[in-house]
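Enquirer: Got a structure for you, structure-v7.cif, holding mmCIF, C-alpha atoms and all ligand atoms.
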data_my_file
#
loop_
_atom_site.label_atom_id
_atom_site.label_comp_id
_atom_site.auth_asym_id
_atom_site.auth_seq_id
_atom_site.Cartn_x
_atom_site.Cartn_y
_atom_site.Cartn_z
CA MET J 1 -86.40 171.38 22.83
CA HIS J 2 -88.44 169.99 25.69
CA SER J 3 -89.36 172.29 28.54
CA PRO J 4 -88.26 170.98 31.95
CA ARG J 5 -90.74 168.56 33.47
CA VAL J 6 -90.91 168.54 37.25
CA ALA J 7 -93.56 166.95 39.50
CA GLU J 8 -95.96 169.52 40.96
CA ARG J 9 -94.91 168.84 44.55
CA LEU J 10 -91.32 169.83 43.74
CA VAL J 11 -91.97 172.85 41.53
CA PRO J 12 -92.07 175.30 44.47
CA PHE J 13 -88.54 174.30 45.46
CA GLY J 14 -86.84 175.13 42.14
CA THR J 15 -83.08 174.56 42.01
CA SER J 16 -81.47 174.44 45.44
CA ILE J 17 -79.98 177.78 46.46
CA PHE J 18 -76.66 176.03 47.19
CA ALA J 19 -76.34 174.90 43.59
CA GLN J 20 -77.36 178.36 42.33
CA MET J 21 -74.87 180.26 44.48
CA THR J 22 -72.04 177.81 43.86
CA ARG J 23 -72.60 178.26 40.11
CA LEU J 24 -72.56 182.05 40.50
CA ALA J 25 -69.38 181.79 42.59
CA GLN J 26 -67.71 179.76 39.83
CA GLN J 27 -68.84 182.14 37.08
CA HIS J 28 -67.35 185.14 38.90
CA ASN J 29 -64.40 183.36 40.45
CA ALA J 30 -65.74 184.37 43.84
CA VAL J 31 -64.56 183.00 47.17
CA ASN J 32 -67.30 180.51 47.95
CA LEU J 33 -68.64 181.24 51.44
CA ALA J 34 -72.04 180.04 50.23
CA GLN J 35 -72.19 176.27 50.42
CA GLY J 36 -71.22 174.67 53.73
CA PHE J 37 -68.27 172.48 52.84
CA PRO J 38 -64.65 172.80 53.97
CA ASP J 39 -62.00 173.60 51.34
CA PHE J 40 -59.57 171.19 53.04
CA ASP J 41 -59.41 167.49 53.57
CA GLY J 42 -60.56 165.58 56.64
CA PRO J 43 -58.17 163.76 59.01
CA GLY J 44 -55.20 161.90 57.51
CA LEU J 45 -56.60 158.73 59.02
CA ALA J 46 -59.65 159.06 56.74
CA HIS J 47 -57.62 158.45 53.56
CA LYS J 48 -55.85 155.48 55.01
CA ALA J 49 -59.07 154.01 56.39
CA ALA J 50 -60.81 154.40 53.01
CA THR J 51 -57.96 152.86 51.01
CA ASP J 52 -57.61 150.06 53.57
CA ALA J 53 -61.33 149.31 53.23
CA LEU J 54 -61.00 149.13 49.44
CA ALA J 55 -57.91 146.97 49.69
CA ALA J 56 -59.78 144.65 52.03
CA GLY J 57 -62.37 144.11 49.29
CA HIS J 58 -65.35 145.81 50.95
CA SER J 59 -66.90 146.65 47.61
CA GLN J 60 -70.27 144.93 47.64
CA TYR J 61 -73.65 145.89 49.11
CA SER J 62 -73.58 145.99 52.87
CA ARG J 63 -76.18 144.92 55.36
CA MET J 64 -79.21 147.20 55.00
CA ILE J 65 -78.88 148.69 58.51
CA GLY J 66 -75.13 149.33 58.19
CA VAL J 67 -71.93 147.28 58.43
CA PRO J 68 -71.62 145.84 61.97
CA PRO J 69 -68.36 147.70 62.80
CA LEU J 70 -69.99 151.06 62.01
CA ASN J 71 -73.17 150.43 63.99
CA GLU J 72 -70.95 149.31 66.87
CA ALA J 73 -68.64 152.35 66.54
CA ILE J 74 -71.63 154.74 66.63
CA ALA J 75 -72.96 153.04 69.78
CA ALA J 76 -69.47 153.11 71.36
CA SER J 77 -69.08 156.80 70.50
CA TRP J 78 -72.37 157.59 72.26
CA ALA J 79 -71.34 155.53 75.30
CA SER J 80 -67.92 157.19 75.50
CA ARG J 81 -69.59 160.61 75.57
CA GLY J 82 -71.94 159.59 78.37
CA LEU J 83 -74.98 159.61 76.07
CA GLY J 84 -76.25 156.26 77.26
CA THR J 85 -76.46 152.80 75.80
CA ILE J 86 -77.92 152.24 72.36
CA ASP J 87 -78.41 148.89 70.71
CA PRO J 88 -76.33 148.88 67.50
CA GLU J 89 -78.56 146.27 65.87
CA ARG J 90 -82.03 147.48 66.77
CA GLU J 91 -81.62 151.21 67.21
CA ILE J 92 -79.08 152.40 64.61
CA THR J 93 -79.68 152.66 60.86
CA VAL J 94 -76.78 153.83 58.69
CA THR J 95 -77.86 156.02 55.76
CA SER J 96 -76.31 157.91 52.84
CA GLY J 97 -75.62 161.03 54.83
CA CYS J 98 -78.00 162.69 57.23
CA SER J 99 -79.88 163.78 54.09
CA GLU J 100 -81.10 160.28 53.41
CA ALA J 101 -81.90 159.81 57.10
CA ILE J 102 -84.17 162.88 56.89
CA VAL J 103 -86.15 161.54 53.97
CA SER J 104 -86.24 158.00 55.43
CA VAL J 105 -87.76 159.29 58.65
CA LEU J 106 -90.38 161.37 56.90
CA LEU J 107 -91.37 158.72 54.36
CA GLY J 108 -91.10 155.82 56.78
CA LEU J 109 -92.93 157.14 59.83
CA PHE J 110 -95.66 159.49 58.65
CA ASN J 111 -98.63 159.64 56.32
CA PRO J 112 -99.67 162.23 53.75
CA GLY J 113 -101.61 165.01 55.45
CA ASP J 114 -99.80 164.64 58.79
CA GLU J 115 -98.46 167.92 60.12
CA ILE J 116 -94.86 168.58 61.10
CA VAL J 117 -93.62 171.57 63.10
CA VAL J 118 -90.52 173.19 61.59
CA PHE J 119 -88.50 176.07 62.99
CA GLU J 120 -87.54 178.68 60.44
CA PRO J 121 -85.05 179.59 59.07
CA TYR J 122 -84.78 175.89 58.22
CA PHE J 123 -82.37 173.62 56.37
CA ASP J 124 -84.19 173.50 53.05
CA PHE J 125 -84.14 169.69 52.92
CA TYR J 126 -86.83 169.59 55.61
CA THR J 127 -89.52 171.32 53.61
CA ALA J 128 -88.64 169.67 50.28
CA CYS J 129 -88.59 166.20 51.87
CA ALA J 130 -91.79 166.96 53.78
CA ALA J 131 -93.39 167.82 50.43
CA MET J 132 -92.14 164.55 48.91
CA ALA J 133 -93.78 162.70 51.81
CA GLY J 134 -97.01 164.74 51.52
CA LEU J 135 -96.57 166.27 54.99
CA VAL J 136 -97.87 169.71 55.93
CA PRO J 137 -95.28 171.96 57.63
CA ARG J 138 -96.29 174.38 60.41
CA PHE J 139 -93.62 177.01 60.90
CA VAL J 140 -92.31 178.60 64.08
CA THR J 141 -89.97 181.53 63.55
CA LEU J 142 -86.61 181.91 65.24
CA HIS J 143 -86.31 185.68 65.63
CA PRO J 144 -83.00 187.51 65.31
CA PRO J 145 -81.83 189.00 68.60
CA SER J 146 -82.74 192.58 69.36
CA ARG J 147 -79.75 192.92 71.71
CA LYS J 148 -76.18 192.44 70.60
CA GLY J 149 -74.66 189.23 71.91
CA ASP J 150 -77.98 187.39 72.29
CA GLY J 151 -78.92 184.46 70.06
CA PHE J 152 -82.01 183.73 67.92
CA THR J 153 -85.11 182.87 70.00
CA PHE J 154 -88.65 181.65 69.42
CA ASP J 155 -91.90 182.66 71.03
CA ALA J 156 -93.20 179.89 73.32
CA GLU J 157 -96.83 180.78 72.56
CA ALA J 158 -96.20 180.58 68.80
CA LEU J 159 -94.71 177.13 69.31
CA LYS J 160 -97.71 175.97 71.33
CA ARG J 161 -100.09 177.26 68.65
CA ALA J 162 -98.21 175.31 65.96
CA PHE J 163 -99.24 172.01 67.58
CA THR J 164 -102.67 170.85 66.34
CA PRO J 165 -104.53 167.54 66.54
CA ARG J 166 -102.90 166.59 63.22
CA THR J 167 -99.31 167.23 64.40
CA LYS J 168 -97.25 164.07 64.28
CA ALA J 169 -93.65 165.34 64.36
CA ILE J 170 -91.38 168.28 65.09
CA PHE J 171 -87.97 168.94 63.53
CA ILE J 172 -85.33 170.32 65.87
CA ASN J 173 -81.98 171.15 64.36
CA THR J 174 -79.55 171.76 67.18
CA PRO J 175 -76.94 173.16 66.72
CA HIS J 176 -78.87 175.08 64.11
CA ASN J 177 -78.09 175.85 60.48
CA PRO J 178 -78.13 178.72 59.50
CA THR J 179 -78.13 180.70 62.76
CA GLY J 180 -75.50 178.84 64.82
CA LYS J 181 -78.01 178.61 67.67
CA VAL J 182 -77.59 175.85 70.26
CA TYR J 183 -81.00 175.12 71.82
CA SER J 184 -80.99 175.50 75.61
CA ARG J 185 -82.22 172.93 78.08
CA GLU J 186 -85.22 175.17 78.84
CA GLU J 187 -86.18 175.37 75.17
CA LEU J 188 -85.79 171.63 74.66
CA THR J 189 -87.78 170.93 77.83
CA LEU J 190 -90.63 173.09 76.56
CA ILE J 191 -90.59 171.24 73.22
CA ALA J 192 -90.39 167.86 74.98
CA GLY J 193 -93.43 168.75 77.11
CA LEU J 194 -95.43 169.57 73.97
CA CYS J 195 -94.31 166.33 72.29
CA GLN J 196 -95.51 164.36 75.27
CA ARG J 197 -98.80 166.22 75.60
CA HIS J 198 -99.61 165.79 71.90
CA GLY J 199 -98.04 162.37 71.28
CA VAL J 200 -95.59 163.87 68.79
CA ILE J 201 -92.25 162.43 67.62
CA ALA J 202 -89.17 164.67 67.87
CA ILE J 203 -86.77 164.41 64.95
CA THR J 204 -83.48 165.99 65.92
CA ASP J 205 -80.85 166.84 63.35
CA GLU J 206 -77.54 167.01 65.21
CA VAL J 207 -75.00 167.04 62.37
CA TYR J 208 -73.14 169.96 64.03
CA GLU J 209 -73.12 168.32 67.49
CA HIS J 210 -69.31 168.49 67.79
CA LEU J 211 -68.83 172.00 66.44
CA ILE J 212 -69.60 174.23 69.41
CA TYR J 213 -67.31 177.15 70.16
CA ASP J 214 -65.86 178.93 73.18
CA ASP J 215 -68.09 179.22 76.20
CA ALA J 216 -71.33 178.41 74.39
CA GLN J 217 -73.79 176.21 76.23
CA PRO J 218 -73.24 172.54 75.56
CA HIS J 219 -75.24 170.57 73.03
CA ILE J 220 -78.08 168.71 74.75
CA GLN J 221 -79.71 165.71 73.14
CA MET J 222 -83.49 165.77 73.07
CA ARG J 223 -83.41 162.00 73.53
CA SER J 224 -81.76 162.46 76.96
CA LEU J 225 -84.69 164.46 78.40
CA PRO J 226 -87.11 162.60 80.67
CA GLY J 227 -89.79 160.75 78.72
CA MET J 228 -88.22 161.43 75.31
CA GLU J 229 -86.18 158.30 74.65
CA ASP J 230 -89.07 156.45 73.03
CA LYS J 231 -90.26 159.55 71.12
CA THR J 232 -87.05 160.79 69.54
CA VAL J 233 -85.27 160.01 66.30
CA THR J 234 -81.72 161.39 66.46
CA LEU J 235 -79.98 162.07 63.15
CA SER J 236 -76.33 162.83 62.59
CA SER J 237 -73.49 162.14 60.20
CA LEU J 238 -69.76 162.02 59.70
CA GLY J 239 -69.50 164.86 57.19
CA LYS J 240 -69.53 168.05 59.25
CA THR J 241 -67.61 166.70 62.24
CA PHE J 242 -64.71 165.30 60.23
CA SER J 243 -64.72 167.66 57.21
CA LEU J 244 -65.79 164.79 54.95
CA THR J 245 -69.04 166.16 53.53
CA GLY J 246 -68.65 164.21 50.28
CA TRP J 247 -68.54 160.85 52.03
CA LYS J 248 -72.23 160.97 52.82
CA ILE J 249 -72.25 158.59 55.75
CA GLY J 250 -75.07 159.35 58.17
CA TRP J 251 -77.27 157.58 60.68
CA ALA J 252 -80.61 157.57 62.45
CA VAL J 253 -80.75 156.47 66.08
CA ALA J 254 -84.22 155.58 67.33
CA PRO J 255 -85.94 153.06 69.57
CA ALA J 256 -86.76 149.83 67.77
CA HIS J 257 -90.42 150.72 67.13
CA LEU J 258 -89.37 153.94 65.32
CA SER J 259 -86.31 152.40 63.64
CA ALA J 260 -88.80 150.03 61.98
CA GLY J 261 -90.29 152.93 59.97
CA VAL J 262 -86.90 154.47 59.17
CA ARG J 263 -85.70 151.11 57.82
CA ALA J 264 -88.93 150.49 55.90
CA ALA J 265 -88.11 153.57 53.78
CA HIS J 266 -84.30 153.33 53.79
CA GLN J 267 -84.35 149.83 52.27
CA PHE J 268 -86.14 151.19 49.18
CA LEU J 269 -84.26 154.49 48.91
CA THR J 270 -80.61 153.46 48.81
CA PHE J 271 -80.69 150.12 50.68
CA CYS J 272 -77.19 150.85 51.99
CA ALA J 273 -74.57 153.59 52.07
CA ALA J 274 -71.23 153.10 50.24
CA THR J 275 -69.74 150.00 51.88
CA PRO J 276 -66.02 150.92 51.87
CA LEU J 277 -66.78 154.32 53.34
CA GLN J 278 -68.89 152.73 56.06
CA HIS J 279 -65.88 150.66 57.10
CA ALA J 280 -63.65 153.72 56.96
CA ALA J 281 -66.20 155.73 58.99
CA ALA J 282 -66.09 153.02 61.66
CA ALA J 283 -62.29 153.36 61.85
CA ILE J 284 -62.53 157.15 62.19
CA LEU J 285 -65.19 156.98 64.91
CA ARG J 286 -63.14 154.44 66.81
CA GLU J 287 -60.07 156.70 66.76
CA PRO J 288 -61.25 160.29 66.37
CA GLY J 289 -58.10 161.65 68.07
CA ASP J 290 -58.38 165.38 68.72
CA TYR J 291 -59.44 166.29 65.18
CA THR J 292 -62.69 167.85 66.36
CA ARG J 293 -60.96 170.08 68.91
CA GLY J 294 -58.53 171.38 66.29
CA ILE J 295 -61.26 172.04 63.78
CA ALA J 296 -63.44 173.79 66.37
CA SER J 297 -60.58 176.12 67.18
CA LEU J 298 -60.01 176.94 63.47
CA MET J 299 -63.74 177.54 62.99
CA ALA J 300 -64.10 179.80 66.03
CA GLY J 301 -61.14 181.90 64.82
CA ASN J 302 -62.62 182.12 61.31
CA ARG J 303 -65.99 183.14 62.68
CA ASP J 304 -64.43 185.90 64.77
CA ARG J 305 -62.26 187.26 61.92
CA LEU J 306 -65.02 187.21 59.35
CA GLY J 307 -67.58 188.56 61.82
CA ALA J 308 -65.31 191.48 62.78
CA ALA J 309 -64.70 192.32 59.10
CA LEU J 310 -68.42 192.31 58.32
CA GLU J 311 -69.12 194.56 61.30
CA ARG J 312 -66.44 197.03 60.12
CA LEU J 313 -68.28 197.20 56.81
CA GLY J 314 -71.57 198.12 58.48
CA LEU J 315 -73.32 194.75 58.79
CA THR J 316 -74.75 193.55 62.09
CA VAL J 317 -73.39 190.10 62.83
CA HIS J 318 -75.65 187.85 64.90
CA ARG J 319 -74.20 185.60 67.55
CA SER J 320 -73.27 182.14 66.23
CA ASP J 321 -72.18 179.57 68.80
CA SER J 322 -71.77 176.64 66.49
CA THR J 323 -71.98 175.11 63.01
CA TYR J 324 -70.23 176.35 59.87
CA PHE J 325 -72.27 179.56 59.59
CA LEU J 326 -73.03 183.05 60.74
CA MET J 327 -75.95 185.26 59.82
CA ALA J 328 -75.34 188.96 59.23
CA ASP J 329 -77.85 191.76 58.70
CA HIS J 330 -77.01 193.93 55.69
CA GLY J 331 -80.03 196.24 56.12
CA ALA J 332 -77.90 199.33 56.88
CA LEU J 333 -76.19 199.06 53.47
CA GLY J 334 -79.35 199.75 51.49
CA TYR J 335 -79.59 196.78 49.11
CA ALA J 336 -83.10 195.88 47.94
CA ASP J 337 -83.08 192.44 49.58
CA ASP J 338 -80.89 189.43 50.34
CA ARG J 339 -80.82 188.23 46.73
CA ALA J 340 -79.73 191.66 45.46
CA PHE J 341 -77.08 191.85 48.20
CA CYS J 342 -75.71 188.34 47.54
CA ARG J 343 -75.74 188.83 43.76
CA HIS J 344 -73.78 192.06 44.17
CA LEU J 345 -71.34 190.35 46.52
CA ALA J 346 -70.63 187.51 44.08
CA GLU J 347 -70.51 189.62 40.91
CA HIS J 348 -68.74 192.78 42.10
CA VAL J 349 -66.98 191.93 45.36
CA GLY J 350 -65.93 188.37 44.57
CA VAL J 351 -67.43 186.64 47.61
CA ALA J 352 -70.41 184.28 47.52
CA ALA J 353 -72.90 184.01 50.41
CA ILE J 354 -76.39 182.55 50.69
CA PRO J 355 -79.54 184.70 50.61
CA PRO J 356 -81.47 183.16 53.51
CA SER J 357 -85.00 184.21 52.48
CA VAL J 358 -85.26 180.73 50.90
CA PHE J 359 -85.11 179.28 54.41
CA TYR J 360 -88.35 181.00 55.48
CA SER J 361 -92.02 180.30 54.70
CA ASP J 362 -92.38 184.07 54.18
CA PRO J 363 -89.22 185.17 52.34
CA ARG J 364 -89.57 188.72 53.71
CA ARG J 365 -88.35 187.47 57.09
CA GLY J 366 -84.91 186.66 55.71
CA GLN J 367 -84.55 189.57 53.33
CA SER J 368 -82.24 191.70 55.43
CA MET J 369 -79.75 188.92 56.14
CA ALA J 370 -77.03 186.88 54.44
CA ARG J 371 -75.53 183.58 55.54
CA PHE J 372 -71.74 183.26 55.41
CA ALA J 373 -69.93 179.89 55.74
CA PHE J 374 -66.67 180.09 57.69
CA CYS J 375 -65.70 176.39 57.37
CA LYS J 376 -62.67 177.26 55.22
CA ARG J 377 -58.90 177.45 55.45
CA ARG J 378 -57.69 180.57 57.27
CA GLU J 379 -56.17 181.86 53.97
CA THR J 380 -59.56 181.55 52.26
CA ILE J 381 -61.26 183.55 54.99
CA ASP J 382 -58.52 186.20 54.82
CA GLU J 383 -58.86 186.42 51.02
CA ALA J 384 -62.63 186.85 51.42
CA ILE J 385 -62.02 189.60 53.98
CA ARG J 386 -59.60 191.37 51.60
CA ARG J 387 -62.21 191.30 48.87
CA LEU J 388 -65.02 192.37 51.19
CA GLU J 389 -63.19 195.68 51.71
CA ARG J 390 -64.55 196.58 48.24
CA LEU J 391 -68.13 196.37 49.49
CA LYS J 392 -69.88 199.74 49.41
CA PRO J 393 -73.38 200.70 50.51
CA ALA J 394 -75.95 200.59 47.70
CA ARG J 395 -76.91 204.21 48.31
C1 LIG A 1 -78.72 170.90 59.28
C2 LIG A 1 -78.19 169.94 58.27
N1 LIG A 1 -78.65 168.68 58.24
C3 LIG A 1 -78.22 167.78 57.35
C4 LIG A 1 -77.27 168.13 56.41
C5 LIG A 1 -76.83 167.10 55.40
O1 LIG A 1 -75.97 166.20 55.99
P1 LIG A 1 -75.21 165.09 55.11
O2 LIG A 1 -74.18 165.79 54.30
O3 LIG A 1 -74.66 164.16 56.13
O4 LIG A 1 -76.24 164.45 54.24
C6 LIG A 1 -76.75 169.42 56.39
C7 LIG A 1 -75.78 169.83 55.36
O5 LIG A 1 -75.60 170.98 55.06
C8 LIG A 1 -77.22 170.35 57.35
O6 LIG A 1 -76.76 171.60 57.38
#
What's the structure tokens form of this structure?
Ligand SMILES: Cc1ncc(COP(=O)(O)O)c(C=O)c1O

Expert:
Amino acid sequence: MHSPRVAERLVPFGTSIFAQMTRLAQQHNAVNLAQGFPDFDGPGLAHKAATDALAAGHSQYSRMIGVPPLNEAIAASWASRGLGTIDPEREITVTSGCSEAIVSVLLGLFNPGDEIVVFEPYFDFYTACAAMAGLVPRFVTLHPPSRKGDGFTFDAEALKRAFTPRTKAIFINTPHNPTGKVYSREELTLIAGLCQRHGVIAITDEVYEHLIYDDAQPHIQMRSLPGMEDKTVTLSSLGKTFSLTGWKIGWAVAPAHLSAGVRAAHQFLTFCAATPLQHAAAAILREPGDYTRGIASLMAGNRDRLGAALERLGLTVHRSDSTYFLMADHGALGYADDRAFCRHLAEHVGVAAIPPSVFYSDPRRGQSMARFAFCKRRETIDEAIRRLERLKPAR
């Protein structure tokens, strides 16, 4: 038997928590509120568009930057939402999901030893991909609210201190996984000012841009702020918006001088995303209908139902305005930490959630919380709620 061999730079990351919790959920037949994927299919049009693309014979490699109809559909979708004009040829690079866009940006634009500012809790891809690119992360903590109804916030002075002469980039994930925070104009303006003062590139991950609920403040693009157009790489994808997470069609939008770096890496990572799905994605973006509105209404209802149930059981549920997720504090129930709580939930209650300490540079910061995904059918959420009634305090 050989012992597992893993490169040193990846050893600290172990097996992704999503894979671990999904396995535990399967072992215990638990309702999987751990990994962020819907348990229903995307729009009916998606199937037809995908089969049409296959029937049309779109089965070979595509152009490296994306099939022309998709680049054009992304640009048209921005224009139709009043987000300005982007050049489909020079400014858009289609990737295999936002995931590949993340690694393309980091490998293609920065050098080993460069520093990157990352808000925590973070999507774990950022730190693992930063390590693959030899970048040094500097963390700024998003603190849970002390008052009910408020969202997670960061300390402006801590953010300023995170910028050093070696800082080359900052990751902003808005709307934010796992907290459901939508960054305000004031917060983005502060970040933009620091980017301009220090000559830093803003990488914004906006995969949840269409999933904002109720009266939450609207999503604001960093790229739209004065002076940021030539300093911002905007990442997004089809998966979260259209409940098609397995399609893995994403994109990076950046001015031509930054797209050059993204493409330099992308051409040697995957070269192109799956061609038939690129054509199908173009068809969906051209005719999105009101899918997003319907899904946002389902999600908001799920969030409220699940949140209310967790509160009844003694957890403190933090405000989530967006995404697929809510964070809840289980501290009052007396479990040792988030891993103990989530293990107990999966094994004895039959519900899987994510222990968020893995999303922090210091795991103690996430120990009292758990992340629940509510991107499921209403029946799934109700079944999870029924099972959660079995949850008892540890002491
Ligand atoms: C913040 C964030 N960015 C990127 C991704 C990955 O996107 P994709 O599935 O398009 O690769 C996810 C998926 O969970 C995410 O939560």

Enquirer: Taking all atoms listed in the file and a cut-off of 6 Å, can you tell me which residues surround ligand LIG 1 (chain A), written as a ChimeraX atom specification?

Expert: /J:36,97-99,123,177,205,207,237,239,245,248,250

Enquirer: Have a look at CA of Thr164 (chain J) and CA of Gly227 (chain J) and let me know their distance in Å, one decimal.

Expert: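 So the answer is 20.5 Å.
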
Enquirer: Could you pull out every residue with an atom within 8 Å of (-89.7, 153.6, 70.0), file coordinates, counting all atoms listed in the file, and send them as a list in words?

Expert: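 Those residues, ordered by chain and then number, are Glu229, Asp230, Lys231, Thr232, Ala254, Pro255, Ala256, His257, Leu258 and Ser259 of chain J.
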
Enquirer: Of the residues J:Leu313, J:Ser320, J:Ala202, J:Leu238, which is the one nearest to Arg390 (chain J), using all atoms listed in the file?

Expert: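 Result for the nearest residue to Arg390 (chain J): J:Leu313.
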
Enquirer: Skip Lys392 (chain J) itself and residues of its chain fewer than 5 positions away, then list as a list in words all residues within 10 Å of it, counting only C-alpha atoms.

Expert: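 Residues meeting the cut-off are Leu313, Gly314, Leu333, Gly334, Leu345 and Val349 of chain J.
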
Enquirer: Take the residues that were just selected and, keeping C-alpha atoms, output them as a PDB file, in the coordinates of the input.

Expert:
ATOM      1  CA  LEU J 313     -68.280 197.200  56.810  1.00  0.00           C
ATOM      2  CA  GLY J 314     -71.570 198.120  58.480  1.00  0.00           C
ATOM      3  CA  LEU J 333     -76.190 199.060  53.470  1.00  0.00           C
ATOM      4  CA  GLY J 334     -79.350 199.750  51.490  1.00  0.00           C
ATOM      5  CA  LEU J 345     -71.340 190.350  46.520  1.00  0.00           C
ATOM      6  CA  VAL J 349     -66.980 191.930  45.360  1.00  0.00           C
TER       7      VAL J 349
END

Enquirer: J:Ala353, J:Cys375, J:Ala309, J:Leu235: which is nearest Ser322 (chain J), counting all atoms listed in the file?

Expert: J:Cys375

Enquirer: Considering all atoms listed in the file, state which residue in the set J:Arg166, J:Lys240, J:His266, J:Arg378 is at the smallest distance from Ala300 (chain J).

Expert: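 Distance minimum relative to Ala300 (chain J) lands on J:Arg378.
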
Enquirer: Mind giving me the straight-line distance from CA of Gln35 (chain J) to CA of Asp290 (chain J) in Å, one decimal?

Expert: 25.4 Å

Enquirer: Taking all listed atoms of region 304-317 of chain J, build the axis-aligned box, pad each of the six sides by 4 Å, then write its centre and edge lengths in Å to one decimal as lines of an AutoDock Vina configuration file.

Expert:
center_x = -68.5
center_y = 192.0
center_z = 60.8
size_x = 20.5
size_y = 20.2
size_z = 16.0

Enquirer: Which residues, written as number ranges by chain, have at least one atom at most 8 Å from Val118 (chain J), with all atoms listed in the file counted and residues fewer than 5 positions away on the same chain left out?

Expert: J: 126, 137-140, 170-172

Enquirer: Mind writing the picked residues with C-alpha atoms as an mmCIF file, in the frame of the given file?

Expert:
data_model
loop_
_atom_site.group_PDB
_atom_site.id
_atom_site.type_symbol
_atom_site.label_atom_id
_atom_site.label_comp_id
_atom_site.auth_asym_id
_atom_site.auth_seq_id
_atom_site.Cartn_x
_atom_site.Cartn_y
_atom_site.Cartn_z
ATOM 1 C CA TYR J 126 -86.830 169.590 55.610
ATOM 2 C CA PRO J 137 -95.280 171.960 57.630
ATOM 3 C CA ARG J 138 -96.290 174.380 60.410
ATOM 4 C CA PHE J 139 -93.620 177.010 60.900
ATOM 5 C CA VAL J 140 -92.310 178.600 64.080
ATOM 6 C CA ILE J 170 -91.380 168.280 65.090
ATOM 7 C CA PHE J 171 -87.970 168.940 63.530
ATOM 8 C CA ILE J 172 -85.330 170.320 65.870
#

Enquirer: Tell me, as a CSV table (one decimal) with C-alpha atoms, in the frame of the given file, which residues lie within 10 Å of Glu209 (chain J), counting only C-alpha atoms; anything in the same chain fewer than 2 positions away does not count.

Expert:
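Done, and the output landed in part.csv:
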chain,number,residue,atom,x,y,z
J,173,ASN,CA,-82.0,171.2,64.4
J,174,THR,CA,-79.6,171.8,67.2
J,175,PRO,CA,-76.9,173.2,66.7
J,176,HIS,CA,-78.9,175.1,64.1
J,182,VAL,CA,-77.6,175.8,70.3
J,205,ASP,CA,-80.8,166.8,63.4
J,206,GLU,CA,-77.5,167.0,65.2
J,207,VAL,CA,-75.0,167.0,62.4
J,211,LEU,CA,-68.8,172.0,66.4
J,212,ILE,CA,-69.6,174.2,69.4
J,218,PRO,CA,-73.2,172.5,75.6
J,219,HIS,CA,-75.2,170.6,73.0
J,220,ILE,CA,-78.1,168.7,74.8
J,221,GLN,CA,-79.7,165.7,73.1
J,236,SER,CA,-76.3,162.8,62.6
J,237,SER,CA,-73.5,162.1,60.2
J,240,LYS,CA,-69.5,168.0,59.2
J,241,THR,CA,-67.6,166.7,62.2
J,322,SER,CA,-71.8,176.6,66.5
J,323,THR,CA,-72.0,175.1,63.0

Enquirer: Between CA of Ser59 (chain J) and CA of Ala46 (chain J), what distance in Å does the model show, to one decimal?

Expert: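 One can read the CA of Ser59 (chain J) to CA of Ala46 (chain J) distance as 17.0 Å.
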
Enquirer: Residues proximal to (-91.6, 168.0, 49.9) were defined as those with any atom within 7 Å of that point in the file's coordinates, counting all atoms listed in the file. Which are they, as a PDB file with C-alpha atoms, in the frame of the given file?

Expert:
ATOM      1  CA  ARG J   9     -94.910 168.840  44.550  1.00  0.00           C
ATOM      2  CA  LEU J  10     -91.320 169.830  43.740  1.00  0.00           C
ATOM      3  CA  THR J 127     -89.520 171.320  53.610  1.00  0.00           C
ATOM      4  CA  ALA J 128     -88.640 169.670  50.280  1.00  0.00           C
ATOM      5  CA  CYS J 129     -88.590 166.200  51.870  1.00  0.00           C
ATOM      6  CA  ALA J 130     -91.790 166.960  53.780  1.00  0.00           C
ATOM      7  CA  ALA J 131     -93.390 167.820  50.430  1.00  0.00           C
ATOM      8  CA  MET J 132     -92.140 164.550  48.910  1.00  0.00           C
ATOM      9  CA  ALA J 133     -93.780 162.700  51.810  1.00  0.00           C
ATOM     10  CA  GLY J 134     -97.010 164.740  51.520  1.00  0.00           C
TER      11      GLY J 134
END

Enquirer: Counting all atoms listed in the file, figure out which residue out of J:Thr95, J:Gln26, J:Ser368, J:Thr270 gets nearest to Tyr335 (chain J).

Expert: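 The shortest atom-to-atom distance to Tyr335 (chain J) comes from J:Ser368.
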
Enquirer: Restricting the calculation to only C-alpha atoms: of J:Arg23, J:His47, J:Lys376, J:His143, which residue gets closest to Thr179 (chain J)?

Expert: J:His143

Enquirer: Select, from J:Gly199, J:Arg395, J:Ala352, J:Val117, the residue with the minimum atom-to-atom distance to Ala19 (chain J), counting only C-alpha atoms.

Expert: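 Ranking J:Gly199, J:Arg395, J:Ala352, J:Val117 by distance to Ala19 (chain J), first place goes to J:Ala352.
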
Enquirer: Write out as number ranges by chain the residues lying within 9 Å of region 80-94 of chain J, counting all atoms listed in the file and excluding same-chain residues fewer than 2 positions away.

Expert: J: 64-68, 70-78, 96-97, 101, 221, 224, 249-260, 262-263, 266, 272-273, 278

Enquirer: At most 6 Å is the cut-off: for each residue in region 193-261 of chain J with any atom that close to an atom of region 40-43 of chain J, write down the nearest atom pair and the distance in Å rounded to one decimal, counting all atoms listed in the file, chain first then increasing number, as a tab-separated table.

Expert:
residue	atom	partner	partner_atom	distance
J:Phe242	CA	J:Gly42	CA	5.5
J:Ser243	CA	J:Gly42	CA	4.7
J:Leu244	CA	J:Gly42	CA	5.6

Enquirer: Residues within 8 Å of Glu120 (chain J), please, as a PyMOL selection string. Count all atoms listed in the file; anything in the same chain fewer than 5 positions from it doesn't count.

Expert: chain J and resi 139-142+359-361
